[in-house]
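The structure appears right after this line, and notes come after that.
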Amino acid sequence: MTTNNDQDHDVPKDHPRSESLKYRHKIIEGMKTLVVAEAGLIAHGRGECFDYMLGEKTSMTAKEAIKAAVALLLTATHAIISVNGNTAALCPNELVELSEIINAPLEINLFYRKEGRIEAIKNLLQGAGAKKILGLDEQNMVEIEELSSNRRNVDPNGIKIADVVFVPLEDGDRTEALKKIGKKIVAVDLNPISRTSLWADITIVDNIIRVLPEMITVAKKLKNADEKDLKNIIERFDNKKNIQLTLDTIIKYTKQQKKDAFIKLRNSI
Ligand code: PTJ
């Protein structure tokens, strides 16, 4: 019998969208191994749509946010990287590398708590070299009362005590709840006007597949910087203004596409 599991995901290298298809297929494979929730496919598609409108590249505003984010994570007392299914499926190696450089543990924290998912993500991260992963001992989790979703169950040694939480690819209500209990939030979200983006202290509007390598590069440079210099970077950063400039980038890019898209098509025939 033919099933959905039989699909061939080989993408020809000269396919004009090969890079995008490669990551799409990582998400599909992740869903088959329980790493990614079914809804993760839809979330990925929403992200792709915003990525198109950003020209699928890291903007200057995203670079500014990345620098401020790394500075904030490096100056934190207890920084933590919250890991969900999509992020784990797309960039497990980069999550582990960043975690080591900035000395922030990885904590698995899921919105969709289907049985077997935590184990699947744990195995994937360990395969990528993770030595210590939080959020595994379901019996010893504590609750964040301000949150109604499954994400309220957190590790007592991780998100619970963290002063800075890095939340790549987030759903609506958690950032708001974590802010209300005094945590600083660094978010990665291709949608610049999601609730997460608007609530976060630092919002990186870019694709996680480009953000993590850039964060690793910046973290290597800033790791030994003076605390005073790092604090200066943080103080100079204005998240609201940065999001507004990002929206301007989208408008500018879309206007340019209005002029160029059909010309490009005509020239390629
Ligand atoms: O693994 P789980 O159970 O914790 O669930 C993870 C998902 C992502 C399914 C869950 O958090 C969810 O439903 O999220 P939302 O509400 O769909 O929000 C995800 C946000 O991430 C959206 O605003 C997307 O635009 C954005 N996004 C999707 N893919 C990327 C992205 N942002 C950056 N990089 C991406 N690759």
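Identifiers for the structure tokens are assigned positionally: chains receive A, B, ... in sequence, residues are indexed from 1 per chain, and ligands are indexed from 1 in the order shown.
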| request: Pick out the residues no farther than 7 Å from ligand 1, counting only C-alpha atoms and all ligand atoms, and list them as a PyMOL selection string. | output: chain A and resi 36-37+39-40+42-48+50+84-86+109-113+168-172+188-191+194+206-209
| Contact residues around A:Lys57 with only C-alpha atoms at 12 Å, ignoring same-chain residues under 2 positions, as a PyMOL selection string | chain A and resi 48+50-55+59-63+190+205-211+214+249-250+253
Can you write out the residues you just picked, keeping C-alpha atoms, as a PDB file, in the first residue's frame?
```
ATOM      1  CA  GLU A  48       8.253  30.926   4.564  1.00  0.00           C
ATOM      2  CA  PHE A  50       7.203  36.222   5.660  1.00  0.00           C
ATOM      3  CA  ASP A  51      10.688  35.168   4.555  1.00  0.00           C
ATOM      4  CA  TYR A  52       9.668  35.817   0.929  1.00  0.00           C
ATOM      5  CA  MET A  53       8.671  39.340   1.860  1.00  0.00           C
ATOM      6  CA  LEU A  54      12.071  39.907   3.441  1.00  0.00           C
ATOM      7  CA  GLY A  55      13.859  38.745   0.297  1.00  0.00           C
ATOM      8  CA  SER A  59      18.357  42.467   6.998  1.00  0.00           C
ATOM      9  CA  MET A  60      20.435  45.155   8.701  1.00  0.00           C
ATOM     10  CA  THR A  61      17.751  45.410  11.377  1.00  0.00           C
ATOM     11  CA  ALA A  62      17.991  41.667  12.054  1.00  0.00           C
ATOM     12  CA  LYS A  63      21.774  42.029  12.365  1.00  0.00           C
ATOM     13  CA  LEU A 190       9.739  35.960  10.849  1.00  0.00           C
ATOM     14  CA  VAL A 205      12.906  39.062  12.507  1.00  0.00           C
ATOM     15  CA  ASP A 206      14.712  36.533  10.348  1.00  0.00           C
ATOM     16  CA  ASN A 207      14.761  32.839   9.520  1.00  0.00           C
ATOM     17  CA  ILE A 208      16.153  30.690  12.333  1.00  0.00           C
ATOM     18  CA  ILE A 209      18.321  28.871   9.774  1.00  0.00           C
ATOM     19  CA  ARG A 210      20.231  32.134   9.146  1.00  0.00           C
ATOM     20  CA  VAL A 211      19.919  33.540  12.676  1.00  0.00           C
ATOM     21  CA  GLU A 214      25.035  34.585  12.644  1.00  0.00           C
ATOM     22  CA  THR A 249      12.225  46.914   4.811  1.00  0.00           C
ATOM     23  CA  ILE A 250       9.283  44.661   3.892  1.00  0.00           C
ATOM     24  CA  TYR A 253      11.201  45.127  -0.838  1.00  0.00           C
TER      25      TYR A 253
END
```
| task | Excluding A:Trp199 and residues on its chain fewer than 6 positions from it, collect all residues at most 12 Å away from it, counting only C-alpha atoms, and give them as a VMD selection string. | result | chain A and resid 167 170 to 180 183 to 189 192 to 193 239 to 240 243
| field | Nearby residues (only C-alpha atoms) at most 10 Å from A:Ile102, same-chain spacing under 4 positions excluded, as a PyMOL selection string | value | chain A and resi 70-71+73-76+79-80+97-98+215-216+219-220+222-223
With N, CA and C atoms kept, could you save the residues just selected as an mmCIF file, in the first residue's frame?
```
data_model
loop_
_atom_site.group_PDB
_atom_site.id
_atom_site.type_symbol
_atom_site.label_atom_id
_atom_site.label_comp_id
_atom_site.auth_asym_id
_atom_site.auth_seq_id
_atom_site.Cartn_x
_atom_site.Cartn_y
_atom_site.Cartn_z
ATOM 1 N N VAL A 70 22.787 38.755 21.493
ATOM 2 C CA VAL A 70 23.970 38.034 21.989
ATOM 3 C C VAL A 70 24.527 38.758 23.215
ATOM 4 N N ALA A 71 24.553 40.089 23.153
ATOM 5 C CA ALA A 71 25.058 40.860 24.304
ATOM 6 C C ALA A 71 24.198 40.579 25.539
ATOM 7 N N LEU A 73 22.323 37.925 26.161
ATOM 8 C CA LEU A 73 22.517 36.537 26.615
ATOM 9 C C LEU A 73 23.856 36.381 27.343
ATOM 10 N N LEU A 74 24.878 37.096 26.848
ATOM 11 C CA LEU A 74 26.202 36.977 27.488
ATOM 12 C C LEU A 74 26.262 37.666 28.854
ATOM 13 N N THR A 75 25.422 38.670 29.059
ATOM 14 C CA THR A 75 25.454 39.372 30.347
ATOM 15 C C THR A 75 24.450 38.797 31.358
ATOM 16 N N ALA A 76 23.676 37.806 30.929
ATOM 17 C CA ALA A 76 22.662 37.228 31.825
ATOM 18 C C ALA A 76 23.313 36.435 32.960
ATOM 19 N N ALA A 79 21.062 32.445 31.552
ATOM 20 C CA ALA A 79 20.413 32.467 30.233
ATOM 21 C C ALA A 79 20.000 31.041 29.897
ATOM 22 N N ILE A 80 18.911 30.918 29.136
ATOM 23 C CA ILE A 80 18.444 29.575 28.748
ATOM 24 C C ILE A 80 17.941 29.622 27.305
ATOM 25 N N GLU A 97 25.923 24.287 19.387
ATOM 26 C CA GLU A 97 27.125 25.134 19.349
ATOM 27 C C GLU A 97 26.882 26.462 20.073
ATOM 28 N N LEU A 98 25.741 27.087 19.799
ATOM 29 C CA LEU A 98 25.449 28.368 20.460
ATOM 30 C C LEU A 98 25.359 28.180 21.970
ATOM 31 N N MET A 215 24.359 34.288 14.967
ATOM 32 C CA MET A 215 24.536 34.453 16.423
ATOM 33 C C MET A 215 25.834 33.802 16.882
ATOM 34 N N ILE A 216 26.151 32.658 16.305
ATOM 35 C CA ILE A 216 27.395 31.958 16.691
ATOM 36 C C ILE A 216 28.609 32.829 16.333
ATOM 37 N N ALA A 219 28.667 35.784 18.711
ATOM 38 C CA ALA A 219 28.999 35.353 20.078
ATOM 39 C C ALA A 219 30.499 35.088 20.213
ATOM 40 N N LYS A 220 31.098 34.516 19.172
ATOM 41 C CA LYS A 220 32.560 34.268 19.234
ATOM 42 C C LYS A 220 33.306 35.590 19.360
ATOM 43 N N LEU A 222 32.026 38.524 20.599
ATOM 44 C CA LEU A 222 31.696 39.306 21.798
ATOM 45 C C LEU A 222 31.992 38.580 23.111
ATOM 46 N N LYS A 223 32.298 37.310 23.003
ATOM 47 C CA LYS A 223 32.421 36.494 24.224
ATOM 48 C C LYS A 223 33.377 37.089 25.270
#
```
| Just how far from atom CA of A:Leu247 is atom CA of A:Ala89, in Å to one decimal? | 28.0 Å
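Of the listed residues (A:Asn224, A:Thr87, A:Cys49, A:Asn150), A:Thr87 comes nearest to A:Ile27; the distances count only C-alpha atoms.
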| field | Backbone DSSP call of helix (DSSP H, G or I) for stretch 1-233 of chain A, listed as an NGL selection string | value | :A and (4-6 or 18-32 or 38-53 or 60-75 or 85-90 or 92-102 or 117-127 or 138-140 or 150-152 or 172-180 or 195-199 or 208-222 or 227-233)
| message | To one decimal place in Å, what is the distance between atom CA of A:Asn140 and atom CA of A:Lys122? | response | 16.8 Å
| task | List every residue of stretch 10-145 of chain A that DSSP, applied to the backbone of this structure, places in strand (DSSP E), and write the result as a VMD selection string. | result | chain A and resid 79 to 83 106 to 108 133 to 134 142 to 143
